[in-house]
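A.B. asks: Before we start, here is the structure in question, set down as structure tokens.
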Amino acid sequence: MNWKQLLSNKRFGLENLHEARKEDRTEFQRDYDRLIFSAPFRRLQNKTQVFPLPGSIFVHNRLTHSLEVSCVGRSLGNKIASELLKLHPELHDTHISEIGSIVSAACLAHDLGNPPFGHSGEKAIGTYFSEGKGRILQAYLSAKEWDDFTHFEGNANAFRLLTHQFQGRRPGGFVLTYATLAAIVKYPFSSQLAGSKQKFGFFTSEEEAFQKIAHELGLKKISKEGEPLKYCRHPLVYLVEAADDICYQMMDIEDAHKLKILTTQETKELYLRFFAPEKLEHIQSICKMVDDTNEQIAYLRSSAIGVLISECVRTFILHEEEILKGEFQGTLIQKLSSRVREAYENCSHTAFEKIYCSKDVVDIELAGYQVITTLVDLMIEAVRYPEKAYSQLLINRVSSQYHIQAPTLYEKIQAVLDYISGMTDVYALDLYRKINGNSLPAL
């Protein structure tokens, strides 16, 4: 793979207009702006990240998380672009200097396909088909289509949201650049290869779209003829992934401190492990300059993020050749220097033990399972038997952009999942309550 081809600014769905515009704002900055002003992005403000949506204490939701990931991604991209230009001055006339813009846009989009209630929403959809009432539908779907639903994945759903032509909308979905679209696909293979990790990059319905993007960008194809489709990652995927890994781990620790799940001392010790001995004294002296505990924690968190960014840049440049050949294994975080990697793993272990298994987090997962499973079940029943009176009541709630009356069962189910995964937590909960008669409109 080569950088010049990998950083194409051609737009998916508007290929015939490529290079017709000559304006100051670059195509990759247009991607960023287009995402910021979109309705799906706004809805992220009411979708769970880890903790239940805020009461008196404001913790992260999907929107604030995406904005922070985008900031870290931009820093990673800008620093790496600078290093690559030093190593490869011949790339000066390419889009290499815009890597920061590409990565920041991809980071904004990386969670757009996640359903309500965080990862429990994903699990609820997948297990509805693999373990729940949805099992009876297997007989009516192909093996590939069945894999799409039993392994339902937010990343694959984001790619669909960004590229699919919904009813009444223009071809190409969001009409983003090829480079930005490729940078969000963490798992560039079909659902047939999802395995036990339940991860894949595109549904059967978007397989052709991804192949088109991969061909344009020169992504290395791994699968042979007749095998399930699989490609090497676009190099910038590693930066989007690293930005996401850095933010959710560092910010979850800070949120846990605000919610008193972690003590101040525990939190400080977790962050201080990131710093080399010769820097510890300087870091601690700055902390002592302020009395506010939250300000101290915020400073330590931001400094730890700075260490992780520098380490990820070093690791990416060190392994650039392997990455371009499609031979790099694992993530950038896994390849960091031992001190920083151990500090990160210590945060991961603490988060699993004390945060992700905390009562508040588990409660939202339990609620999410119930709400999502109920809505999926009722809506699929409605699209299968639209002649029923109750089915019509449910269908009438669905926006016309979702092809509920599609000719095949696969497309009908996709329309249902498009509708439900686009809901906010509050909207899904409100609809669930109304369906169950627990909430009625004001009379």
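Ligands are numbered from 1 in the order shown, chains are lettered A, B, ... in the order of the structure tokens, and residues start at 1 in each chain.
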Which residues of range 176-280 of chain A come within 12 Å of range 116-127 of chain A, and what is each one's closest atom pair and distance in Å (one decimal), counting only C-alpha atoms, sorted by chain and residue number, as CSV?

C.D. replies:
residue,atom,partner,partner_atom,distance
A:Ser191,CA,A:Gly126,CA,11.9
A:Lys197,CA,A:Lys123,CA,11.5
A:Gln198,CA,A:Gly126,CA,8.9
A:Lys199,CA,A:Glu122,CA,11.0

A.B. asks: Could you give me, as a PyMOL selection string, the residues within 10 Å of Asp31 in chain A, counting only C-alpha atoms and dropping anything in the same chain fewer than 4 positions from it?

C.D. replies: chain A and resi 9+11+26-27+35-36+101-102+104-106+108-109+174-177+180-181

A.B. asks: List as a list of chain:residue names the protein and nucleic acid residues near Arg301 in chain A, meaning an atom at most 9 Å away when only C-alpha atoms are counted, but skip any in the same chain fewer than 5 places from it.

C.D. replies: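 Final neighbour list, sorted by chain and number: A:Met250, A:Met251, A:Ile253, A:Glu254, A:Lys268, A:Tyr271, A:Gln296, A:Gly306.
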
A.B. asks: Go ahead and dump the residues you just picked, all heavy atoms, as an mmCIF file, in the first residue's frame.

C.D. replies:
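The resulting part_26.cif:
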data_model
loop_
_atom_site.group_PDB
_atom_site.id
_atom_site.type_symbol
_atom_site.label_atom_id
_atom_site.label_comp_id
_atom_site.auth_asym_id
_atom_site.auth_seq_id
_atom_site.Cartn_x
_atom_site.Cartn_y
_atom_site.Cartn_z
ATOM 1 N N MET A 250 -8.718 6.624 29.735
ATOM 2 C CA MET A 250 -8.331 7.741 30.589
ATOM 3 C C MET A 250 -9.549 8.494 31.132
ATOM 4 O O MET A 250 -9.563 8.913 32.298
ATOM 5 C CB MET A 250 -7.431 8.718 29.811
ATOM 6 C CG MET A 250 -6.088 8.127 29.365
ATOM 7 S SD MET A 250 -5.046 7.586 30.752
ATOM 8 C CE MET A 250 -5.398 5.826 30.767
ATOM 9 N N MET A 251 -10.579 8.670 30.295
ATOM 10 C CA MET A 251 -11.751 9.431 30.734
ATOM 11 C C MET A 251 -12.647 8.615 31.658
ATOM 12 O O MET A 251 -13.282 9.170 32.560
ATOM 13 C CB MET A 251 -12.550 9.923 29.529
ATOM 14 C CG MET A 251 -11.750 10.750 28.531
ATOM 15 S SD MET A 251 -10.700 12.046 29.237
ATOM 16 C CE MET A 251 -11.892 13.063 30.085
ATOM 17 N N ILE A 253 -11.629 6.554 33.875
ATOM 18 C CA ILE A 253 -10.995 6.650 35.204
ATOM 19 C C ILE A 253 -11.388 7.967 35.870
ATOM 20 O O ILE A 253 -11.748 8.009 37.052
ATOM 21 C CB ILE A 253 -9.456 6.550 35.081
ATOM 22 C CG1 ILE A 253 -9.031 5.170 34.548
ATOM 23 C CG2 ILE A 253 -8.781 6.867 36.416
ATOM 24 C CD1 ILE A 253 -9.287 4.025 35.486
ATOM 25 N N GLU A 254 -11.348 9.069 35.102
ATOM 26 C CA GLU A 254 -11.713 10.369 35.660
ATOM 27 C C GLU A 254 -13.191 10.405 36.051
ATOM 28 O O GLU A 254 -13.554 10.931 37.112
ATOM 29 C CB GLU A 254 -11.407 11.485 34.659
ATOM 30 C CG GLU A 254 -11.648 12.876 35.230
ATOM 31 C CD GLU A 254 -11.267 13.984 34.270
ATOM 32 O OE1 GLU A 254 -11.090 13.705 33.063
ATOM 33 O OE2 GLU A 254 -11.146 15.139 34.721
ATOM 34 N N LYS A 268 -5.041 9.067 41.353
ATOM 35 C CA LYS A 268 -3.728 9.673 41.146
ATOM 36 C C LYS A 268 -2.662 8.604 40.883
ATOM 37 O O LYS A 268 -1.812 8.768 40.000
ATOM 38 C CB LYS A 268 -3.340 10.511 42.370
ATOM 39 C CG LYS A 268 -4.085 11.841 42.470
ATOM 40 C CD LYS A 268 -3.589 12.658 43.659
ATOM 41 C CE LYS A 268 -4.241 14.022 43.699
ATOM 42 N NZ LYS A 268 -3.781 14.842 44.847
ATOM 43 N N TYR A 271 -2.770 7.320 37.269
ATOM 44 C CA TYR A 271 -2.221 8.249 36.281
ATOM 45 C C TYR A 271 -0.701 8.435 36.438
ATOM 46 O O TYR A 271 0.025 8.544 35.431
ATOM 47 C CB TYR A 271 -2.909 9.608 36.393
ATOM 48 C CG TYR A 271 -4.329 9.644 35.869
ATOM 49 C CD1 TYR A 271 -5.319 10.366 36.528
ATOM 50 C CD2 TYR A 271 -4.684 8.974 34.698
ATOM 51 C CE1 TYR A 271 -6.620 10.421 36.047
ATOM 52 C CE2 TYR A 271 -5.982 9.020 34.208
ATOM 53 C CZ TYR A 271 -6.952 9.742 34.889
ATOM 54 O OH TYR A 271 -8.234 9.788 34.400
ATOM 55 N N GLN A 296 -6.555 18.796 39.845
ATOM 56 C CA GLN A 296 -5.352 17.958 39.899
ATOM 57 C C GLN A 296 -5.530 16.692 39.066
ATOM 58 O O GLN A 296 -4.647 16.313 38.297
ATOM 59 C CB GLN A 296 -5.050 17.586 41.359
ATOM 60 C CG GLN A 296 -4.610 18.748 42.237
ATOM 61 C CD GLN A 296 -4.458 18.345 43.696
ATOM 62 O OE1 GLN A 296 -4.912 17.280 44.107
ATOM 63 N NE2 GLN A 296 -3.810 19.196 44.488
ATOM 64 N N GLY A 306 -1.049 12.857 26.997
ATOM 65 C CA GLY A 306 0.106 13.348 26.237
ATOM 66 C C GLY A 306 1.190 12.293 26.091
ATOM 67 O O GLY A 306 1.784 12.140 25.013
#

A.B. asks: Neighbouring residues of range 319-328 of chain A were defined as those with any atom within 12 Å, considering only C-alpha atoms; residues of the same chain fewer than 6 positions away were excluded. Please report them as a ChimeraX atom specification.

C.D. replies: /A:1-6,80-81,83-84,87-88,188,218-222,230-239,312-313,334-336

A.B. asks: Among range 62-170 of chain A, which ones does DSSP assign to helix (DSSP H, G or I) (computed from the backbone)? Answer as a PyMOL selection string.

C.D. replies: chain A and resi 62-87+89-93+96-109+118-130+133-140+143-150+154-163

A.B. asks: Quick check, in Å to one decimal: how far apart do CA of His403 in chain A and CA of Val376 in chain A lie?

C.D. replies: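 These two atoms are separated by 15.5 Å.
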
A.B. asks: How many Å lie between CA of Asp244 in chain A and CA of Val416 in chain A, rounded to one decimal?

C.D. replies: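 Between these atoms lies a distance of 28.2 Å.
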
A.B. asks: So how many Å separate CA of Ala156 in chain A and CA of Asn16 in chain A, to one decimal?

C.D. replies: 26.3 Å

A.B. asks: Fewer than 5 positions away in the same chain doesn't count, so skip those; otherwise give me all residues within 12 Å of Ser358 in chain A, counting only C-alpha atoms, as a ChimeraX atom specification.

C.D. replies: /A:50-52,256,259-262,350-353,363-365

A.B. asks: Those residues with C-alpha atoms, as an mmCIF file, in the first residue's frame please?

C.D. replies:
data_model
loop_
_atom_site.group_PDB
_atom_site.id
_atom_site.type_symbol
_atom_site.label_atom_id
_atom_site.label_comp_id
_atom_site.auth_asym_id
_atom_site.auth_seq_id
_atom_site.Cartn_x
_atom_site.Cartn_y
_atom_site.Cartn_z
ATOM 1 C CA VAL A 50 -20.312 3.755 30.047
ATOM 2 C CA PHE A 51 -22.149 5.303 32.961
ATOM 3 C CA PRO A 52 -25.893 6.100 33.020
ATOM 4 C CA ALA A 256 -15.177 7.007 38.106
ATOM 5 C CA LEU A 259 -18.741 9.357 40.857
ATOM 6 C CA LYS A 260 -16.653 8.263 43.882
ATOM 7 C CA ILE A 261 -16.182 4.761 42.511
ATOM 8 C CA LEU A 262 -12.427 5.393 42.760
ATOM 9 C CA THR A 350 -8.968 -1.418 37.446
ATOM 10 C CA ALA A 351 -11.712 -0.304 35.059
ATOM 11 C CA PHE A 352 -12.906 -3.874 34.587
ATOM 12 C CA GLU A 353 -12.816 -4.678 38.286
ATOM 13 C CA ASP A 363 -28.135 -1.740 35.828
ATOM 14 C CA ILE A 364 -28.026 0.241 32.588
ATOM 15 C CA GLU A 365 -26.984 -2.915 30.724
#

A.B. asks: A:Ile297, A:Glu345, A:Ser82, A:Glu241: which is nearest Thr331 in chain A, counting only C-alpha atoms?

C.D. replies: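 Closest candidate: A:Glu241.
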
A.B. asks: Among range 164-385 of chain A, which ones does DSSP assign to strand (DSSP E or B) (computed from the backbone)? Answer as a list in words.

C.D. replies: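 These are the residues in question: Thr177, Phe189, Ser190, Phe202, Lys221, Lys230 and Tyr231 of chain A.
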
A.B. asks: Can you pull out every residue within 10 Å of Phe210 in chain A, counting only C-alpha atoms, but drop anything in the same chain fewer than 6 positions away, and send it as a VMD selection string?

C.D. replies: chain A and resid 159 to 160 163 178 181 to 182 185 188 to 189 201 to 203 216 229 231

A.B. asks: Take the residues from that selection and write them out as a PDB file, in the first residue's frame, keeping N, CA, C and O atoms.

C.D. replies:
ATOM      1  N   PHE A 159     -20.506   2.151   9.307  1.00  0.00           N
ATOM      2  CA  PHE A 159     -20.162   2.162   7.879  1.00  0.00           C
ATOM      3  C   PHE A 159     -21.433   2.171   7.034  1.00  0.00           C
ATOM      4  O   PHE A 159     -21.512   2.868   6.019  1.00  0.00           O
ATOM      5  N   ARG A 160     -22.439   1.419   7.455  1.00  0.00           N
ATOM      6  CA  ARG A 160     -23.722   1.413   6.724  1.00  0.00           C
ATOM      7  C   ARG A 160     -24.378   2.796   6.785  1.00  0.00           C
ATOM      8  O   ARG A 160     -24.821   3.327   5.758  1.00  0.00           O
ATOM      9  N   THR A 163     -22.653   5.223   4.384  1.00  0.00           N
ATOM     10  CA  THR A 163     -22.574   4.938   2.940  1.00  0.00           C
ATOM     11  C   THR A 163     -23.900   4.568   2.300  1.00  0.00           C
ATOM     12  O   THR A 163     -24.054   4.672   1.087  1.00  0.00           O
ATOM     13  N   TYR A 178     -13.185   8.869   0.463  1.00  0.00           N
ATOM     14  CA  TYR A 178     -12.812   7.464   0.563  1.00  0.00           C
ATOM     15  C   TYR A 178     -11.864   7.221   1.744  1.00  0.00           C
ATOM     16  O   TYR A 178     -11.985   6.239   2.460  1.00  0.00           O
ATOM     17  N   LEU A 181     -13.745   7.267   5.132  1.00  0.00           N
ATOM     18  CA  LEU A 181     -14.569   6.071   5.287  1.00  0.00           C
ATOM     19  C   LEU A 181     -13.721   4.850   5.634  1.00  0.00           C
ATOM     20  O   LEU A 181     -14.067   4.063   6.526  1.00  0.00           O
ATOM     21  N   ALA A 182     -12.602   4.691   4.943  1.00  0.00           N
ATOM     22  CA  ALA A 182     -11.736   3.533   5.207  1.00  0.00           C
ATOM     23  C   ALA A 182     -11.129   3.595   6.601  1.00  0.00           C
ATOM     24  O   ALA A 182     -10.892   2.560   7.232  1.00  0.00           O
ATOM     25  N   VAL A 185     -13.095   1.782   9.508  1.00  0.00           N
ATOM     26  CA  VAL A 185     -13.380   0.345   9.455  1.00  0.00           C
ATOM     27  C   VAL A 185     -12.266  -0.412  10.180  1.00  0.00           C
ATOM     28  O   VAL A 185     -11.249  -0.794   9.584  1.00  0.00           O
ATOM     29  N   PRO A 188     -11.780  -4.881   8.758  1.00  0.00           N
ATOM     30  CA  PRO A 188     -12.136  -4.888   7.328  1.00  0.00           C
ATOM     31  C   PRO A 188     -12.402  -6.279   6.772  1.00  0.00           C
ATOM     32  O   PRO A 188     -11.723  -6.770   5.872  1.00  0.00           O
ATOM     33  N   PHE A 189     -13.408  -6.937   7.350  1.00  0.00           N
ATOM     34  CA  PHE A 189     -13.802  -8.259   6.855  1.00  0.00           C
ATOM     35  C   PHE A 189     -15.282  -8.479   7.141  1.00  0.00           C
ATOM     36  O   PHE A 189     -15.898  -7.745   7.915  1.00  0.00           O
ATOM     37  N   GLY A 201     -16.519  -5.608   9.892  1.00  0.00           N
ATOM     38  CA  GLY A 201     -16.487  -4.229   9.409  1.00  0.00           C
ATOM     39  C   GLY A 201     -17.636  -3.758   8.549  1.00  0.00           C
ATOM     40  O   GLY A 201     -17.876  -2.556   8.435  1.00  0.00           O
ATOM     41  N   PHE A 202     -18.355  -4.681   7.906  1.00  0.00           N
ATOM     42  CA  PHE A 202     -19.435  -4.256   7.003  1.00  0.00           C
ATOM     43  C   PHE A 202     -20.440  -5.390   6.841  1.00  0.00           C
ATOM     44  O   PHE A 202     -20.092  -6.565   6.870  1.00  0.00           O
ATOM     45  N   PHE A 203     -21.695  -5.008   6.717  1.00  0.00           N
ATOM     46  CA  PHE A 203     -22.750  -5.982   6.480  1.00  0.00           C
ATOM     47  C   PHE A 203     -22.678  -6.471   5.033  1.00  0.00           C
ATOM     48  O   PHE A 203     -22.040  -5.840   4.174  1.00  0.00           O
ATOM     49  N   GLU A 216     -10.138   1.552  -4.718  1.00  0.00           N
ATOM     50  CA  GLU A 216      -9.697   2.928  -4.989  1.00  0.00           C
ATOM     51  C   GLU A 216      -8.448   3.279  -4.188  1.00  0.00           C
ATOM     52  O   GLU A 216      -7.533   3.940  -4.690  1.00  0.00           O
ATOM     53  N   LEU A 229     -14.863 -12.215   2.430  1.00  0.00           N
ATOM     54  CA  LEU A 229     -14.057 -11.044   2.093  1.00  0.00           C
ATOM     55  C   LEU A 229     -13.250 -10.538   3.286  1.00  0.00           C
ATOM     56  O   LEU A 229     -13.772 -10.383   4.388  1.00  0.00           O
ATOM     57  N   TYR A 231      -9.742  -7.747   4.038  1.00  0.00           N
ATOM     58  CA  TYR A 231      -8.678  -6.847   3.594  1.00  0.00           C
ATOM     59  C   TYR A 231      -7.766  -6.489   4.772  1.00  0.00           C
ATOM     60  O   TYR A 231      -8.123  -6.679   5.936  1.00  0.00           O
TER      61      TYR A 231
END
